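**Student:** Got a structure for you, written out below as structure tokens; questions coming shortly.
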Amino acid sequence: MTIKALLFLICLSAAGIVHITTAKAAPVAAQAPGAEHALQRLSSKSQPKTQVMVLGSLHLSNIKQQLDSRSLSSILEPLSRYQPTAIAVESLRPEDIATMINGSGEYQTVLDHFVGQRFLALAIKEQQELQLSAQKALESLEPLLDKTSLEPVQRARLIKLAVAAYHKELALLHWHYLDKTAASTAISTELQHYLEQLAASNNEKNTLGNNLAMALKLKRIYPIDDHLDKDLYRPIEARLLESYNQSPHAAALAKSDYINKPQRLKTEALETGNWLPLFSWLNSQEYQTAVIDQEWSLFIDKDLPPDAALSRVALWEIRNLNMSSHIMRVVAANPGGRVLVIVGASHKVFLEQYLANMLGVKLIQPQQYFTAPQSPHDNR
């Protein structure tokens, strides 16, 4: 499978749908009213609720101009007012990377693109030096993360353990924190160079997630992405890609304002330094409605073969359901806290639909902090 084909199937440009039906579809059986009301009552009793804010973003890694906390202050400042106690990003979990390494060959393209062979090679070197498996390295991280403070030599070991465990985002966060004089002897030159390159990346996981985590002195970054559905993609690609490339509706979508407006707002943000118009648009109800009506209608009631198109939708739902499950693991680790989830705008509608049904979760919209300063306690 080519990278181009995989990327077509993994992410277009925007978000998902809530419930998908066609004109000929049989009505979905409603949930028993008594059970629904019982769930609502139980949810109302669940206090304190954990706040979850899903921030939809463009993927910023393709921007050539260097971004940092100063150039992104227009978006970092309102997010800091939310005062998240946990930050989650669209990155693969260490456990899922290990599963992919030992699983289907179909996962190799995913590992190449979303993890990188260079990082995987560095992880193996650290496993060999530490004489630990990835799982043992992951377990060894916890005592260090539980410490109130870390000496430089301890933080350097934490970084090495994180790399050995395939926890790239945790390694990068603590590389930002590390007194680099401690790295000269404890961390290999090869790994230092790799982490320096990651630290200079424009990826929103770094420029938004890490910068905000450091400002708030958080010790963890939670990866919540999922690609374990990709073992099913190849036959669906074969059935769908040709018709997609020939679809007049797909061609019109690619030229639409729905696709092009975020790019225009990104260009304006780079010129003015004000990122709020872009992020306000991506997280607006108007944009999320357009995601449903323009992007996903292509797979439901246009000119694509229905069986393959609905398989594509099902796999997209699998990914977002799994991501929601990972977010709930973050909620479980931070009960009553404030969780910020930074993802591509393509996920926001789906994630919010699933999370809205979780007991003890209260969804918070970014616009509440984009408009006027307020205390996070106002939303409890």
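As shown in the structure tokens, the chain order sets the letters A, B, ...; within each chain, residues go from 1, and ligands are also counted from 1 in the order they appear.
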Run DSSP on the backbone and grab whatever in range 206-327 of chain A lands in strand (DSSP E or B); send it over as an MDAnalysis selection string.
**Tutor:** chainID A and resid 222:225
**Student:** For those residues, write all heavy atoms to a file as a compact mmCIF listing (two decimals), in the first residue's frame.
**Tutor:**
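Dumped everything to result-v5.txt:
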```txt
# COMPACT_ATOMS: atom_id res chain seq x y z
N TYR A 222 -0.02 12.23 27.27
CA TYR A 222 -0.71 10.96 27.02
C TYR A 222 -0.95 10.77 25.52
O TYR A 222 -1.68 11.56 24.90
CB TYR A 222 -2.06 10.95 27.74
CG TYR A 222 -1.99 10.95 29.24
CD1 TYR A 222 -1.95 12.15 29.96
CD2 TYR A 222 -1.98 9.76 29.96
CE1 TYR A 222 -1.89 12.15 31.35
CE2 TYR A 222 -1.93 9.75 31.35
CZ TYR A 222 -1.88 10.96 32.03
OH TYR A 222 -1.84 10.96 33.41
N PRO A 223 -0.40 9.74 24.90
CA PRO A 223 -0.71 9.44 23.49
C PRO A 223 -2.04 8.69 23.41
O PRO A 223 -2.27 7.73 24.15
CB PRO A 223 0.46 8.56 23.05
CG PRO A 223 0.94 7.90 24.30
CD PRO A 223 0.63 8.83 25.44
N ILE A 224 -2.93 9.12 22.50
CA ILE A 224 -4.26 8.50 22.44
C ILE A 224 -4.68 8.12 21.01
O ILE A 224 -5.84 7.75 20.79
CB ILE A 224 -5.33 9.41 23.08
CG1 ILE A 224 -5.31 10.85 22.51
CG2 ILE A 224 -5.14 9.46 24.59
CD1 ILE A 224 -6.09 11.06 21.26
N ASP A 225 -3.77 8.18 20.06
CA ASP A 225 -4.14 7.82 18.69
C ASP A 225 -4.26 6.30 18.57
O ASP A 225 -3.83 5.56 19.46
CB ASP A 225 -3.10 8.34 17.70
CG ASP A 225 -3.63 8.42 16.28
OD1 ASP A 225 -4.83 8.14 16.07
OD2 ASP A 225 -2.85 8.76 15.36
```
**Student:** Would you pick out the contacts of range 69-77 of chain A at 8 Å or less, using only C-alpha atoms, so that residues sharing its chain but fewer than 2 positions from it are not included, and give the list as a ChimeraX atom specification?
**Tutor:** /A:67,79-81,207-208,211-212,273-276,279,370
**Student:** Would you mind exporting the chosen residues as a short mmCIF file (atom, residue, chain, number, x, y, z; two decimals), in the first residue's frame, restricted to N, CA, C and O atoms?
**Tutor:**
```cif
data_model
loop_
_atom_site.label_atom_id
_atom_site.label_comp_id
_atom_site.auth_asym_id
_atom_site.auth_seq_id
_atom_site.Cartn_x
_atom_site.Cartn_y
_atom_site.Cartn_z
N LEU A 67 7.92 27.58 14.27
CA LEU A 67 6.92 27.98 15.25
C LEU A 67 7.46 27.71 16.65
O LEU A 67 8.18 26.75 16.87
N LEU A 79 -5.57 28.60 25.95
CA LEU A 79 -5.56 27.20 26.40
C LEU A 79 -4.99 27.08 27.81
O LEU A 79 -5.45 26.25 28.60
N SER A 80 -4.02 27.92 28.13
CA SER A 80 -3.45 27.88 29.48
C SER A 80 -4.46 28.32 30.52
O SER A 80 -4.40 27.89 31.68
N ARG A 81 -5.43 29.18 30.15
CA ARG A 81 -6.47 29.59 31.08
C ARG A 81 -7.38 28.43 31.46
O ARG A 81 -7.97 28.41 32.54
N THR A 207 4.55 21.82 19.50
CA THR A 207 4.40 23.27 19.64
C THR A 207 3.24 23.66 20.54
O THR A 207 3.29 24.69 21.23
N LEU A 208 2.20 22.85 20.56
CA LEU A 208 1.07 23.11 21.46
C LEU A 208 1.15 22.24 22.71
O LEU A 208 1.16 22.73 23.84
N ASN A 211 4.69 22.63 24.77
CA ASN A 211 4.83 24.00 25.30
C ASN A 211 3.84 24.25 26.42
O ASN A 211 4.18 24.87 27.44
N LEU A 212 2.61 23.77 26.25
CA LEU A 212 1.61 23.97 27.29
C LEU A 212 1.93 23.10 28.52
O LEU A 212 1.80 23.57 29.66
N GLY A 273 0.48 36.35 13.05
CA GLY A 273 0.79 35.82 14.37
C GLY A 273 -0.44 35.53 15.20
O GLY A 273 -0.33 35.10 16.35
N ASN A 274 -1.63 35.75 14.64
CA ASN A 274 -2.88 35.50 15.37
C ASN A 274 -3.49 34.19 14.88
O ASN A 274 -4.06 34.13 13.78
N TRP A 275 -3.43 33.17 15.71
CA TRP A 275 -3.92 31.84 15.34
C TRP A 275 -5.37 31.61 15.76
O TRP A 275 -5.96 30.59 15.42
N LEU A 276 -5.94 32.54 16.50
CA LEU A 276 -7.30 32.34 16.99
C LEU A 276 -8.34 32.19 15.87
O LEU A 276 -9.24 31.35 15.98
N PHE A 279 -8.16 28.48 14.68
CA PHE A 279 -8.62 27.49 15.65
C PHE A 279 -10.08 27.71 16.02
O PHE A 279 -10.80 26.74 16.31
N PHE A 370 -11.52 30.99 24.07
CA PHE A 370 -11.06 31.84 22.98
C PHE A 370 -11.69 33.23 23.07
O PHE A 370 -11.15 34.19 22.52
#
```
**Student:** Would you mind listing what lies within 9 Å of Ile327 in chain A as a PyMOL selection string, with only C-alpha atoms counted and same-chain residues fewer than 2 positions away left out?
**Tutor:** chain A and resi 52+88+222-224+322-325+329-332+339+341+355
**Student:** If you measure from CA of Arg312 in chain A to CA of Ser284 in chain A, what distance in Å do you get, rounded to one decimal?
**Tutor:**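 The value is 25.3 Å.
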**Student:** Rank nothing, just name the residue among A:Ala162, A:His37, A:Ile97, A:Gln263 nearest to Asn62 in chain A, using only C-alpha atoms.
**Tutor:**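 Using only C-alpha atoms, Asn62 in chain A sits closest to A:Gln263.
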**Student:** Between A:Ser256, A:Gln51, A:Thr109, A:Ser104, single out the one closest to Glu352 in chain A, counting only C-alpha atoms.
**Tutor:**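 Going through A:Ser256, A:Gln51, A:Thr109, A:Ser104 one by one, the smallest distance to Glu352 in chain A is for A:Gln51.
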**Student:** Out of A:Val291, A:Leu363, A:Ala269, A:Leu170, which residue has the shortest atom-to-atom distance to Met214 in chain A when counting only C-alpha atoms?
**Tutor:**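 Residue with the minimum atom-to-atom distance to Met214 in chain A: A:Leu170.
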**Student:** Write out as a PyMOL selection string the set of residues from range 299-337 of chain A that DSSP, computed on the backbone, places in alpha helix (DSSP H).
**Tutor:** chain A and resi 306-333
**Student:** Which one of A:Pro262, A:Pro277, A:Pro305, A:Pro248 sits closest to Gln367 in chain A if you count only C-alpha atoms?
**Tutor:**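 Ranking A:Pro262, A:Pro277, A:Pro305, A:Pro248 by distance to Gln367 in chain A, first place goes to A:Pro277.
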